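One structure is given below, encoded as structure tokens.
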Amino acid sequence: MLPGDTRLVDAARRTDQEREDWASPGLTPVRGSGGLLLRSRVLAVVLLFSVLFGVARSAGAAADGPETTGHIAHSPLVNSARSGSVHPALSGGQSAQLPSLIAQVSFNQTALAFEKGVTAGPAAGDLSIQFAPPGAGVPDRVRYRLLGFDTEWREAGKVREVLYSHLAPGHYELDCEPAEGSSAKGYVMESLPIVVIGPFWKTPEFRSLAIIFLALLTLLLHRLRVRSLLRKNQKLQQTVGLTKAELTLAAKIAGDAQEALKEQALKDSLTGLWNRRAIFAMLEREIHRAQRDRFPITLVMIDLDHFKKINDTYGHLTGDEALREAAGRLFEVMRPYDFAGRYGGEEFLVVLPSCPSHNGVQRAEDFRRAIAERPVPTATGPLVLTCSLGAAAYEDGMLPEDLIHRADEALYRAKLMGRNCVCSANTKPAAAAQVNPARRKVVS
């Protein structure tokens with residue numbers, strides 16, 4: 001603007017009372033009776049679009065407002081024409097031409113036209129305002145304030161330039177006037193509306209579109225979630241709709257598998273016989289039944305003769321084949337309700353329920369003959385295998401450990417008698433020596 005430009009006072013000036021109303025938070029700058037109509041229209045628009053734009057306008061006002069503590073929030077200004085303004089004469093109704101107090105406005109070091117207000121941006125930047133130099137009717141002292149940023153009047157000083165660094169997006173108005181005691185007379189307050197545009201993503205329109213997009217996206221995700229739940233519900237109904245026969249079959253298969261695992265945990269992996277813990281539990285159970293039902297039990301302990309020599313001579317793999325073959329031959333002559341287990345190494349235990357002492361010795365002889373009557377086929381060739389057996393009958397009040405101890409003593413006597421024979425713990429040693437004397441030959 002040239003120093004000689006003037007402007008209409010009624011169009012470019014505001015009274016102090018109007019300025020205070022405009023600077024109050026939340027009020028729209030209005031003038032005269034038209035203010036009520038303007039506020040009514042704004043209120044109608046806000047009520048009409050409250051669902052879509054209410055949240056966006058609140059968020060936009062918070063984001064676009066000045067960030068400096070103590071700023072004054074206000075609504076957009078009504079632009080006033082700055083060219084051709086005329087100051088009223090102080091006397092006689094004469095008019096005098098007065099130059100403008102503002103010489104140049106720059107934003108981020110770029111000069112801007114300011115005759116109809118200033119629009120800068122987007123985003124924050126440095127606002128520079130240069131006042132006209134003193135002389136030729138321009139006052140030597142000028143004071144100013146930037147509504148929306150300053151709360152107090154400031155004096156420009158000799159530099160006659162004002163710089164607002166990093167001015168945030170928002171609506172401002174620069175007021176300037178001669179300071180008290182300045183040389184020039186006849187000036188009244190000049191007002192320059194300034195708008196710093198924010199980034200497009202901070203505009204109410206963009207936020208409204210974002211809210212609508214998020215609402216549609218939420219609705220879409222909700223429908224997808226409902227469809228997913230419906231599909232899962234259908235699959236669940238199909239699973240629940242299995243027939244009773246199918247569920248029973250599944251339960252039976254699971255039970256069989258569990259029993260197989262349980263049996264595998266109780267069986268000896270090499271021979272397939274019960275392991276030491278399992279055969280002890282079965283012996284204890286049969287002793288309890290014998291005490292309750294008063295029936296006899298015979299326990300037979302079997303030891304393969306010279307088994308260490310087999311391992312040393314032919315190797316442990318051949319020894320394992322001999323153990324498996326011996327266990328299989330025991331199965332061949334056992335009754336369905338007898339129990340056989342691997343006691344340890346090359347020793348076996350056979351529990352004979354409902355079997356008295358004399359029948360137990362005969363059953364032990366059947367075991368001895370089944371193992372020794374034919375050679376054992378191995379990878380290294382046929383192997384002659386014999387065993388020694390000790391039989392012990394249960395007596396009232398005996399514990400499982402006692403019965404095992406008596407069978408072990410009988411086995412020890414059988415080995416002393418030359419191996420490959422049966423000895424009973426319930427028979428005197430002299431009588432036991434007469435049992436199958438021809439079979440006392442030791443087989444290597």
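Chain lettering (A, B, ...) mirrors the order of the structure tokens, residue numbering begins at 1 for each chain separately, and ligand numbering begins at 1 in order of display.
All residues of protein, DNA or RNA that reach within 8 Å of range 365-378 of chain A, judged by only C-alpha atoms and not counting those fewer than 3 positions away in the chain, are Thr318, Glu321, Ala322, Glu325, Ala326, Arg329, Leu330, Val333, Val361, Gln362, Gly381, Pro382, Leu383, Val384, Leu385, Thr386, Cys387, Ser388, Leu389, Asn420, Cys421 and Val422 of chain A.
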Given the selection you just returned, output its residues as a file containing N, CA and C atoms, formatted as a JSON list (two decimals), in the first residue's frame.
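For reference, out_6.json as written:
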```
[["chain", "number", "residue", "atom", "x", "y", "z"],
["A", 318, "THR", "N", 22.64, -110.90, 20.52],
["A", 318, "THR", "CA", 22.23, -112.31, 20.62],
["A", 318, "THR", "C", 21.57, -112.58, 21.96],
["A", 321, "GLU", "N", 18.03, -111.47, 21.76],
["A", 321, "GLU", "CA", 17.20, -112.45, 21.05],
["A", 321, "GLU", "C", 16.84, -113.62, 21.95],
["A", 322, "ALA", "N", 17.79, -114.06, 22.78],
["A", 322, "ALA", "CA", 17.51, -115.18, 23.70],
["A", 322, "ALA", "C", 16.46, -114.78, 24.72],
["A", 325, "GLU", "N", 13.03, -114.74, 23.04],
["A", 325, "GLU", "CA", 12.56, -116.10, 22.78],
["A", 325, "GLU", "C", 12.11, -116.79, 24.05],
["A", 326, "ALA", "N", 12.83, -116.60, 25.14],
["A", 326, "ALA", "CA", 12.44, -117.21, 26.41],
["A", 326, "ALA", "C", 11.09, -116.65, 26.88],
["A", 329, "ARG", "N", 8.26, -118.22, 24.89],
["A", 329, "ARG", "CA", 7.96, -119.60, 25.27],
["A", 329, "ARG", "C", 7.21, -119.67, 26.60],
["A", 330, "LEU", "N", 7.47, -118.70, 27.48],
["A", 330, "LEU", "CA", 6.67, -118.65, 28.72],
["A", 330, "LEU", "C", 5.21, -118.35, 28.40],
["A", 333, "VAL", "N", 2.97, -121.45, 27.40],
["A", 333, "VAL", "CA", 2.50, -122.44, 28.38],
["A", 333, "VAL", "C", 1.78, -121.79, 29.56],
["A", 361, "VAL", "N", 4.81, -126.41, 41.41],
["A", 361, "VAL", "CA", 6.07, -127.05, 41.01],
["A", 361, "VAL", "C", 5.92, -127.67, 39.62],
["A", 362, "GLN", "N", 4.75, -128.27, 39.34],
["A", 362, "GLN", "CA", 4.53, -128.86, 38.02],
["A", 362, "GLN", "C", 4.49, -127.79, 36.93],
["A", 381, "GLY", "N", 23.34, -118.41, 14.96],
["A", 381, "GLY", "CA", 23.10, -119.84, 14.91],
["A", 381, "GLY", "C", 22.28, -120.31, 16.10],
["A", 382, "PRO", "N", 21.85, -121.59, 16.10],
["A", 382, "PRO", "CA", 21.04, -122.12, 17.21],
["A", 382, "PRO", "C", 21.82, -122.05, 18.53],
["A", 383, "LEU", "N", 21.08, -121.74, 19.60],
["A", 383, "LEU", "CA", 21.70, -121.58, 20.91],
["A", 383, "LEU", "C", 20.94, -122.40, 21.92],
["A", 384, "VAL", "N", 21.64, -123.29, 22.63],
["A", 384, "VAL", "CA", 21.01, -124.10, 23.68],
["A", 384, "VAL", "C", 20.84, -123.23, 24.91],
["A", 385, "LEU", "N", 19.62, -123.17, 25.44],
["A", 385, "LEU", "CA", 19.30, -122.28, 26.56],
["A", 385, "LEU", "C", 18.58, -123.07, 27.63],
["A", 386, "THR", "N", 19.07, -122.98, 28.86],
["A", 386, "THR", "CA", 18.42, -123.63, 30.00],
["A", 386, "THR", "C", 18.13, -122.59, 31.07],
["A", 387, "CYS", "N", 17.39, -122.98, 32.09],
["A", 387, "CYS", "CA", 17.03, -122.05, 33.16],
["A", 387, "CYS", "C", 16.89, -122.79, 34.47],
["A", 388, "SER", "N", 17.03, -122.08, 35.57],
["A", 388, "SER", "CA", 16.80, -122.61, 36.92],
["A", 388, "SER", "C", 15.58, -121.90, 37.48],
["A", 389, "LEU", "N", 14.74, -122.66, 38.25],
["A", 389, "LEU", "CA", 13.46, -122.13, 38.72],
["A", 389, "LEU", "C", 13.30, -122.40, 40.20],
["A", 420, "ASN", "N", 19.28, -125.87, 35.63],
["A", 420, "ASN", "CA", 18.34, -126.55, 34.73],
["A", 420, "ASN", "C", 17.42, -127.49, 35.50],
["A", 421, "CYS", "N", 16.89, -126.99, 36.64],
["A", 421, "CYS", "CA", 15.97, -127.77, 37.44],
["A", 421, "CYS", "C", 15.05, -126.85, 38.20],
["A", 422, "VAL", "N", 14.04, -127.45, 38.87],
["A", 422, "VAL", "CA", 13.05, -126.72, 39.66],
["A", 422, "VAL", "C", 13.24, -127.09, 41.11]]
```
(request) Please identify all polymer residues within 6 Å of Gly198 in chain A, counting only C-alpha atoms, omitting same-chain residues fewer than 6 positions from it, and present them as a PyMOL selection string. (result) chain A and resi 122-123+169
Expected answer as a tab-separated table (two decimals) with N, CA and C atoms, in the first residue's frame: alpha helix (DSSP H) residues in range 100-349 of chain A:
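Once everything was written out, this is states.tsv:
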```
chain	number	residue	atom	x	y	z
A	204	PRO	N	-11.64	-28.71	8.96
A	204	PRO	CA	-12.86	-29.40	9.38
A	204	PRO	C	-13.42	-30.31	8.30
A	205	GLU	N	-13.30	-29.90	7.03
A	205	GLU	CA	-13.82	-30.74	5.95
A	205	GLU	C	-13.11	-32.08	5.89
A	206	PHE	N	-11.75	-32.00	5.98
A	206	PHE	CA	-10.99	-33.26	5.94
A	206	PHE	C	-11.33	-34.15	7.14
A	207	ARG	N	-11.46	-33.54	8.31
A	207	ARG	CA	-11.81	-34.33	9.49
A	207	ARG	C	-13.20	-34.93	9.36
A	208	SER	N	-14.11	-34.19	8.73
A	208	SER	CA	-15.46	-34.73	8.53
A	208	SER	C	-15.41	-35.94	7.61
A	209	LEU	N	-14.64	-35.82	6.51
A	209	LEU	CA	-14.50	-36.97	5.62
A	209	LEU	C	-13.82	-38.14	6.32
A	210	ALA	N	-12.83	-37.82	7.16
A	210	ALA	CA	-12.14	-38.91	7.89
A	210	ALA	C	-13.10	-39.60	8.85
A	211	ILE	N	-13.97	-38.80	9.51
A	211	ILE	CA	-14.94	-39.41	10.43
A	211	ILE	C	-15.91	-40.29	9.67
A	212	ILE	N	-16.38	-39.79	8.51
A	212	ILE	CA	-17.29	-40.61	7.70
A	212	ILE	C	-16.61	-41.89	7.24
A	213	PHE	N	-15.34	-41.75	6.80
A	213	PHE	CA	-14.60	-42.94	6.36
A	213	PHE	C	-14.41	-43.93	7.51
A	214	LEU	N	-14.06	-43.43	8.68
A	214	LEU	CA	-13.89	-44.33	9.82
A	214	LEU	C	-15.20	-44.98	10.21
A	215	ALA	N	-16.31	-44.22	10.09
A	215	ALA	CA	-17.61	-44.82	10.40
A	215	ALA	C	-17.94	-45.94	9.44
A	216	LEU	N	-17.68	-45.70	8.12
A	216	LEU	CA	-17.94	-46.75	7.14
A	216	LEU	C	-17.01	-47.94	7.35
A	217	LEU	N	-15.74	-47.64	7.66
A	217	LEU	CA	-14.81	-48.74	7.91
A	217	LEU	C	-15.22	-49.55	9.13
A	218	THR	N	-15.67	-48.85	10.18
A	218	THR	CA	-16.14	-49.57	11.37
A	218	THR	C	-17.34	-50.45	11.05
A	219	LEU	N	-18.26	-49.90	10.25
A	219	LEU	CA	-19.43	-50.69	9.85
A	219	LEU	C	-19.02	-51.91	9.04
A	220	LEU	N	-18.06	-51.72	8.11
A	220	LEU	CA	-17.59	-52.85	7.32
A	220	LEU	C	-16.92	-53.91	8.18
A	221	LEU	N	-16.05	-53.47	9.09
A	221	LEU	CA	-15.40	-54.43	9.99
A	221	LEU	C	-16.41	-55.15	10.87
A	222	HIS	N	-17.44	-54.41	11.30
A	222	HIS	CA	-18.48	-55.04	12.11
A	222	HIS	C	-19.21	-56.13	11.33
A	223	ARG	N	-19.54	-55.83	10.06
A	223	ARG	CA	-20.23	-56.83	9.26
A	223	ARG	C	-19.33	-58.04	9.00
A	224	LEU	N	-18.05	-57.79	8.73
A	224	LEU	CA	-17.13	-58.92	8.54
A	224	LEU	C	-17.01	-59.75	9.80
A	225	ARG	N	-16.97	-59.08	10.95
A	225	ARG	CA	-16.89	-59.81	12.22
A	225	ARG	C	-18.15	-60.65	12.44
A	226	VAL	N	-19.31	-60.08	12.11
A	226	VAL	CA	-20.57	-60.83	12.27
A	226	VAL	C	-20.57	-62.05	11.37
A	227	ARG	N	-20.12	-61.88	10.11
A	227	ARG	CA	-20.06	-63.02	9.21
A	227	ARG	C	-19.11	-64.10	9.73
A	228	SER	N	-17.97	-63.66	10.26
A	228	SER	CA	-17.02	-64.63	10.80
A	228	SER	C	-17.63	-65.40	11.97
A	229	LEU	N	-18.32	-64.68	12.85
A	229	LEU	CA	-18.96	-65.35	13.99
A	229	LEU	C	-20.06	-66.31	13.53
A	230	LEU	N	-20.80	-65.92	12.48
A	230	LEU	CA	-21.84	-66.82	11.97
A	230	LEU	C	-21.23	-68.09	11.40
A	231	ARG	N	-20.13	-67.94	10.65
A	231	ARG	CA	-19.47	-69.14	10.12
A	231	ARG	C	-18.95	-70.04	11.24
A	232	LYS	N	-18.35	-69.42	12.26
A	232	LYS	CA	-17.88	-70.22	13.39
A	232	LYS	C	-19.04	-70.91	14.10
A	233	ASN	N	-20.17	-70.21	14.20
A	233	ASN	CA	-21.33	-70.80	14.85
A	233	ASN	C	-21.85	-72.00	14.05
A	234	GLN	N	-21.85	-71.88	12.71
A	234	GLN	CA	-22.28	-73.00	11.90
A	234	GLN	C	-21.36	-74.21	12.05
A	235	LYS	N	-20.05	-73.93	12.06
A	235	LYS	CA	-19.11	-75.04	12.26
A	235	LYS	C	-19.30	-75.68	13.63
A	236	LEU	N	-19.56	-74.84	14.65
A	236	LEU	CA	-19.79	-75.38	15.98
A	236	LEU	C	-21.04	-76.23	16.03
A	237	GLN	N	-22.09	-75.79	15.34
A	237	GLN	CA	-23.31	-76.59	15.30
A	237	GLN	C	-23.09	-77.91	14.59
A	238	GLN	N	-22.28	-77.89	13.52
A	238	GLN	CA	-21.98	-79.14	12.84
A	238	GLN	C	-21.20	-80.09	13.75
A	239	THR	N	-20.26	-79.52	14.52
A	239	THR	CA	-19.50	-80.36	15.46
A	239	THR	C	-20.40	-80.93	16.54
A	240	VAL	N	-21.28	-80.06	17.08
A	240	VAL	CA	-22.18	-80.52	18.14
A	240	VAL	C	-23.19	-81.53	17.59
A	244	LYS	N	-24.55	-89.84	18.28
A	244	LYS	CA	-24.08	-90.48	19.51
A	244	LYS	C	-23.12	-91.61	19.19
A	245	ALA	N	-23.37	-92.29	18.09
A	245	ALA	CA	-22.48	-93.41	17.72
A	245	ALA	C	-21.08	-92.90	17.39
A	246	GLU	N	-21.01	-91.75	16.70
A	246	GLU	CA	-19.70	-91.20	16.36
A	246	GLU	C	-18.94	-90.76	17.61
A	247	LEU	N	-19.67	-90.12	18.54
A	247	LEU	CA	-19.03	-89.71	19.79
A	247	LEU	C	-18.58	-90.91	20.60
A	248	THR	N	-19.42	-91.96	20.61
A	248	THR	CA	-19.05	-93.17	21.36
A	248	THR	C	-17.82	-93.83	20.74
A	249	LEU	N	-17.78	-93.85	19.40
A	249	LEU	CA	-16.63	-94.44	18.73
A	249	LEU	C	-15.36	-93.63	19.03
A	250	ALA	N	-15.51	-92.30	19.01
A	250	ALA	CA	-14.34	-91.47	19.30
A	250	ALA	C	-13.86	-91.69	20.74
A	251	ALA	N	-14.82	-91.80	21.66
A	251	ALA	CA	-14.44	-92.05	23.05
A	251	ALA	C	-13.77	-93.41	23.20
A	252	LYS	N	-14.27	-94.41	22.46
A	252	LYS	CA	-13.67	-95.74	22.54
A	252	LYS	C	-12.25	-95.75	21.99
A	253	ILE	N	-12.06	-95.04	20.87
A	253	ILE	CA	-10.72	-94.97	20.28
A	253	ILE	C	-9.76	-94.27	21.24
A	254	ALA	N	-10.26	-93.18	21.85
A	254	ALA	CA	-9.40	-92.47	22.81
A	254	ALA	C	-9.09	-93.34	24.02
A	255	GLY	N	-10.11	-94.11	24.49
A	255	GLY	CA	-9.87	-95.00	25.63
A	255	GLY	C	-8.88	-96.10	25.30
A	256	ASP	N	-9.01	-96.65	24.08
A	256	ASP	CA	-8.07	-97.70	23.67
A	256	ASP	C	-6.65	-97.15	23.57
A	257	ALA	N	-6.55	-95.94	23.03
A	257	ALA	CA	-5.22	-95.34	22.93
A	257	ALA	C	-4.63	-95.09	24.31
A	258	GLN	N	-5.49	-94.65	25.24
A	258	GLN	CA	-5.00	-94.39	26.59
A	258	GLN	C	-4.58	-95.69	27.26
A	259	GLU	N	-5.35	-96.72	27.05
A	259	GLU	CA	-4.98	-98.02	27.62
A	259	GLU	C	-3.70	-98.54	27.01
A	260	ALA	N	-3.54	-98.30	25.70
A	260	ALA	CA	-2.31	-98.75	25.04
A	260	ALA	C	-1.10	-98.02	25.61
A	261	LEU	N	-1.26	-96.72	25.83
A	261	LEU	CA	-0.15	-95.96	26.41
A	261	LEU	C	0.14	-96.41	27.83
A	262	LYS	N	-0.93	-96.67	28.57
A	262	LYS	CA	-0.75	-97.14	29.95
A	262	LYS	C	-0.07	-98.50	29.98
A	263	GLU	N	-0.51	-99.37	29.07
A	263	GLU	CA	0.11	-100.70	29.02
A	263	GLU	C	1.56	-100.61	28.58
A	264	GLN	N	1.82	-99.68	27.63
A	264	GLN	CA	3.19	-99.52	27.17
A	264	GLN	C	4.10	-99.03	28.29
A	265	ALA	N	3.54	-98.21	29.19
A	265	ALA	CA	4.34	-97.72	30.31
A	265	ALA	C	4.60	-98.81	31.33
A	266	LEU	N	3.76	-99.84	31.33
A	266	LEU	CA	3.92	-100.93	32.32
A	266	LEU	C	4.58	-102.16	31.73
A	276	ARG	N	9.06	-104.51	36.16
A	276	ARG	CA	9.21	-104.83	37.58
A	276	ARG	C	8.13	-104.17	38.43
A	277	ARG	N	7.84	-102.91	38.19
A	277	ARG	CA	6.83	-102.23	39.01
A	277	ARG	C	5.45	-102.84	38.79
A	278	ALA	N	5.12	-103.17	37.53
A	278	ALA	CA	3.80	-103.71	37.24
A	278	ALA	C	3.62	-105.10	37.86
A	279	ILE	N	4.64	-105.97	37.77
A	279	ILE	CA	4.47	-107.32	38.31
A	279	ILE	C	4.39	-107.30	39.83
A	280	PHE	N	5.09	-106.35	40.47
A	280	PHE	CA	4.97	-106.19	41.92
A	280	PHE	C	3.55	-105.78	42.29
A	281	ALA	N	2.97	-104.84	41.52
A	281	ALA	CA	1.60	-104.41	41.82
A	281	ALA	C	0.61	-105.55	41.63
A	282	MET	N	0.79	-106.37	40.60
A	282	MET	CA	-0.12	-107.49	40.37
A	282	MET	C	0.02	-108.54	41.46
A	283	LEU	N	1.25	-108.80	41.91
A	283	LEU	CA	1.45	-109.76	42.99
A	283	LEU	C	0.78	-109.28	44.27
A	284	GLU	N	0.91	-107.98	44.56
A	284	GLU	CA	0.27	-107.44	45.76
A	284	GLU	C	-1.25	-107.53	45.68
A	285	ARG	N	-1.79	-107.26	44.50
A	285	ARG	CA	-3.24	-107.36	44.32
A	285	ARG	C	-3.73	-108.80	44.50
A	286	GLU	N	-3.00	-109.77	43.94
A	286	GLU	CA	-3.41	-111.18	44.07
A	286	GLU	C	-3.29	-111.66	45.51
A	287	ILE	N	-2.31	-111.16	46.25
A	287	ILE	CA	-2.20	-111.54	47.66
A	287	ILE	C	-3.39	-111.02	48.45
A	288	HIS	N	-3.84	-109.80	48.16
A	288	HIS	CA	-5.04	-109.28	48.84
A	288	HIS	C	-6.26	-110.12	48.51
A	289	ARG	N	-6.40	-110.52	47.27
A	289	ARG	CA	-7.53	-111.38	46.89
A	289	ARG	C	-7.44	-112.74	47.58
A	290	ALA	N	-6.20	-113.27	47.67
A	290	ALA	CA	-6.04	-114.57	48.35
A	290	ALA	C	-6.41	-114.47	49.82
A	291	GLN	N	-6.07	-113.38	50.47
A	291	GLN	CA	-6.44	-113.19	51.87
A	291	GLN	C	-7.95	-113.06	52.03
A	292	ARG	N	-8.59	-112.42	51.05
A	292	ARG	CA	-10.04	-112.21	51.16
A	292	ARG	C	-10.83	-113.46	50.79
A	293	ASP	N	-10.43	-114.14	49.68
A	293	ASP	CA	-11.21	-115.27	49.17
A	293	ASP	C	-10.63	-116.62	49.58
A	307	PHE	N	23.81	-116.83	31.50
A	307	PHE	CA	23.43	-115.81	30.50
A	307	PHE	C	24.57	-114.81	30.27
A	308	LYS	N	25.35	-114.52	31.29
A	308	LYS	CA	26.47	-113.61	31.11
A	308	LYS	C	27.47	-114.16	30.09
A	309	LYS	N	27.65	-115.48	30.12
A	309	LYS	CA	28.57	-116.10	29.17
A	309	LYS	C	28.04	-115.96	27.74
A	310	ILE	N	26.70	-115.98	27.59
A	310	ILE	CA	26.11	-115.80	26.25
A	310	ILE	C	26.40	-114.39	25.73
A	311	ASN	N	26.22	-113.39	26.60
A	311	ASN	CA	26.49	-112.01	26.18
A	311	ASN	C	27.97	-111.82	25.85
A	312	ASP	N	28.84	-112.40	26.67
A	312	ASP	CA	30.27	-112.23	26.44
A	312	ASP	C	30.73	-112.96	25.18
A	313	THR	N	30.10	-114.08	24.89
A	313	THR	CA	30.55	-114.91	23.76
A	313	THR	C	29.93	-114.46	22.45
A	314	TYR	N	28.63	-114.24	22.47
A	314	TYR	CA	27.91	-113.95	21.22
A	314	TYR	C	27.49	-112.47	21.07
A	316	HIS	N	25.62	-108.79	22.97
A	316	HIS	CA	24.36	-108.44	23.64
A	316	HIS	C	23.16	-108.55	22.71
A	317	LEU	N	23.36	-108.36	21.41
A	317	LEU	CA	22.22	-108.50	20.50
A	317	LEU	C	21.71	-109.94	20.49
A	318	THR	N	22.64	-110.90	20.52
A	318	THR	CA	22.23	-112.31	20.62
A	318	THR	C	21.57	-112.58	21.96
A	319	GLY	N	22.09	-111.96	23.03
A	319	GLY	CA	21.46	-112.12	24.33
A	319	GLY	C	20.04	-111.57	24.35
A	320	ASP	N	19.82	-110.44	23.66
A	320	ASP	CA	18.45	-109.89	23.59
A	320	ASP	C	17.52	-110.85	22.84
A	321	GLU	N	18.03	-111.47	21.76
A	321	GLU	CA	17.20	-112.45	21.05
A	321	GLU	C	16.84	-113.62	21.95
A	322	ALA	N	17.79	-114.06	22.78
A	322	ALA	CA	17.51	-115.18	23.70
A	322	ALA	C	16.46	-114.78	24.72
A	323	LEU	N	16.53	-113.54	25.25
A	323	LEU	CA	15.53	-113.08	26.23
A	323	LEU	C	14.14	-113.03	25.60
A	324	ARG	N	14.05	-112.51	24.37
A	324	ARG	CA	12.74	-112.43	23.72
A	324	ARG	C	12.17	-113.82	23.45
A	325	GLU	N	13.03	-114.74	23.04
A	325	GLU	CA	12.56	-116.10	22.78
A	325	GLU	C	12.11	-116.79	24.05
A	326	ALA	N	12.83	-116.60	25.14
A	326	ALA	CA	12.44	-117.21	26.41
A	326	ALA	C	11.09	-116.65	26.88
A	327	ALA	N	10.88	-115.34	26.75
A	327	ALA	CA	9.60	-114.73	27.14
A	327	ALA	C	8.47	-115.28	26.30
A	328	GLY	N	8.70	-115.44	24.98
A	328	GLY	CA	7.66	-115.99	24.12
A	328	GLY	C	7.29	-117.41	24.49
A	329	ARG	N	8.26	-118.22	24.89
A	329	ARG	CA	7.96	-119.60	25.27
A	329	ARG	C	7.21	-119.67	26.60
A	330	LEU	N	7.47	-118.70	27.48
A	330	LEU	CA	6.67	-118.65	28.72
A	330	LEU	C	5.21	-118.35	28.40
A	331	PHE	N	4.97	-117.42	27.45
A	331	PHE	CA	3.60	-117.11	27.06
A	331	PHE	C	2.88	-118.34	26.52
A	332	GLU	N	3.62	-119.21	25.84
A	332	GLU	CA	3.00	-120.38	25.21
A	332	GLU	C	2.38	-121.34	26.23
A	333	VAL	N	2.97	-121.45	27.40
A	333	VAL	CA	2.50	-122.44	28.38
A	333	VAL	C	1.78	-121.79	29.56
```
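The gap separating CA of Leu101 in chain A from CA of Glu115 in chain A is 12.5 Å, in Å to one decimal.
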Proximity of range 242-278 of chain A to range 349-353 of chain A: per-residue shortest pair, 10 Å limit, only C-alpha atoms, as CSV:
```
residue,atom,partner,partner_atom,distance
A:Leu273,CA,A:Leu349,CA,9.8
A:Trp274,CA,A:Leu349,CA,9.4
A:Asn275,CA,A:Leu349,CA,9.9
A:Arg276,CA,A:Leu349,CA,8.9
```
(message) Taking the DSSP secondary structure from the backbone, can you list the residues of range 292-325 of chain A that are strand (DSSP E or B), as a list of chain:residue names?
(response) A:Ile297, A:Thr298, A:Leu299, A:Val300, A:Met301, A:Ile302, A:Asp303, A:Leu304
(message) Give me the residues near range 151-163 of chain A as a PyMOL selection string, where near means some atom within 6 Å (using only C-alpha atoms) and where sequence neighbours in that chain fewer than 3 positions away do not count.
(response) chain A and resi 127-131+142-145
File dump, residues just selected, C-alpha atoms, as a PDB file, in the first residue's frame:
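Contents of again15.pdb, freshly written:
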```pdb
ATOM      1  CA  LEU A 127       4.993 -13.330  10.033  1.00  0.00           C
ATOM      2  CA  SER A 128       6.814 -10.015   9.497  1.00  0.00           C
ATOM      3  CA  ILE A 129       5.048  -6.618   9.552  1.00  0.00           C
ATOM      4  CA  GLN A 130       6.813  -3.364   8.616  1.00  0.00           C
ATOM      5  CA  PHE A 131       5.275  -0.049   9.652  1.00  0.00           C
ATOM      6  CA  VAL A 142       3.347   3.294  16.771  1.00  0.00           C
ATOM      7  CA  ARG A 143       1.866   0.716  19.061  1.00  0.00           C
ATOM      8  CA  TYR A 144       0.295  -2.577  17.960  1.00  0.00           C
ATOM      9  CA  ARG A 145      -1.225  -5.844  19.106  1.00  0.00           C
TER      10      ARG A 145
END
```
(message) Can you tell me which residues surround Asp408 in chain A at a distance of at most 12 Å, considering only C-alpha atoms, apart from same-chain residues fewer than 2 positions away, and format the answer as a PyMOL selection string?
(response) chain A and resi 299-303+343+347-349+388-392+401-406+410-415+422-425
Writing out the chosen residues with C-alpha atoms as a PDB file, in the first residue's frame:
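Once everything was written out, this is again.pdb:
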```pdb
ATOM      1  CA  LEU A 299       5.176-117.539  42.709  1.00  0.00           C
ATOM      2  CA  VAL A 300       7.851-118.873  40.310  1.00  0.00           C
ATOM      3  CA  MET A 301      11.195-117.113  39.861  1.00  0.00           C
ATOM      4  CA  ILE A 302      13.149-118.038  36.702  1.00  0.00           C
ATOM      5  CA  ASP A 303      16.806-117.321  35.932  1.00  0.00           C
ATOM      6  CA  TYR A 343      12.270-109.061  37.351  1.00  0.00           C
ATOM      7  CA  GLU A 347      15.338-113.110  35.682  1.00  0.00           C
ATOM      8  CA  PHE A 348      11.563-113.499  35.363  1.00  0.00           C
ATOM      9  CA  LEU A 349       8.662-113.704  37.834  1.00  0.00           C
ATOM     10  CA  SER A 388      16.803-122.605  36.917  1.00  0.00           C
ATOM     11  CA  LEU A 389      13.464-122.132  38.718  1.00  0.00           C
ATOM     12  CA  GLY A 390      12.381-121.555  42.294  1.00  0.00           C
ATOM     13  CA  ALA A 391       8.720-121.946  43.347  1.00  0.00           C
ATOM     14  CA  ALA A 392       7.169-120.641  46.590  1.00  0.00           C
ATOM     15  CA  GLU A 401       8.470-109.161  49.717  1.00  0.00           C
ATOM     16  CA  ASP A 402       8.417-112.318  51.856  1.00  0.00           C
ATOM     17  CA  LEU A 403       7.017-114.443  49.043  1.00  0.00           C
ATOM     18  CA  ILE A 404       9.593-113.116  46.571  1.00  0.00           C
ATOM     19  CA  HIS A 405      12.366-113.787  49.078  1.00  0.00           C
ATOM     20  CA  ARG A 406      11.274-117.412  49.529  1.00  0.00           C
ATOM     21  CA  ALA A 410      14.429-121.762  46.168  1.00  0.00           C
ATOM     22  CA  LEU A 411      16.051-120.509  42.952  1.00  0.00           C
ATOM     23  CA  TYR A 412      19.401-120.307  44.709  1.00  0.00           C
ATOM     24  CA  ARG A 413      19.062-123.954  45.830  1.00  0.00           C
ATOM     25  CA  ALA A 414      18.221-124.945  42.240  1.00  0.00           C
ATOM     26  CA  LYS A 415      21.471-123.404  41.052  1.00  0.00           C
ATOM     27  CA  VAL A 422      13.052-126.717  39.661  1.00  0.00           C
ATOM     28  CA  CYS A 423      13.291-126.328  43.426  1.00  0.00           C
ATOM     29  CA  SER A 424      10.338-125.594  45.746  1.00  0.00           C
ATOM     30  CA  ALA A 425      10.584-123.455  48.863  1.00  0.00           C
TER      31      ALA A 425
END
```
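Our summary of the geometry notes that CA of Ser191 in chain A is positioned 21.7 Å from CA of Gln109 in chain A.
Between CA of Asn426 in chain A and CA of Tyr337 in chain A the interatomic distance comes to 23.2 Å.
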(request) Between A:Leu98, A:Leu242, A:Leu304, A:Leu147, single out the one closest to Lys185 in chain A, counting only C-alpha atoms. (result) A:Leu98
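The residue that comes closest to Ala407 in chain A, out of A:Thr298, A:Gly135, A:Ala103, A:Phe339 and on the basis of only C-alpha atoms, is A:Thr298.
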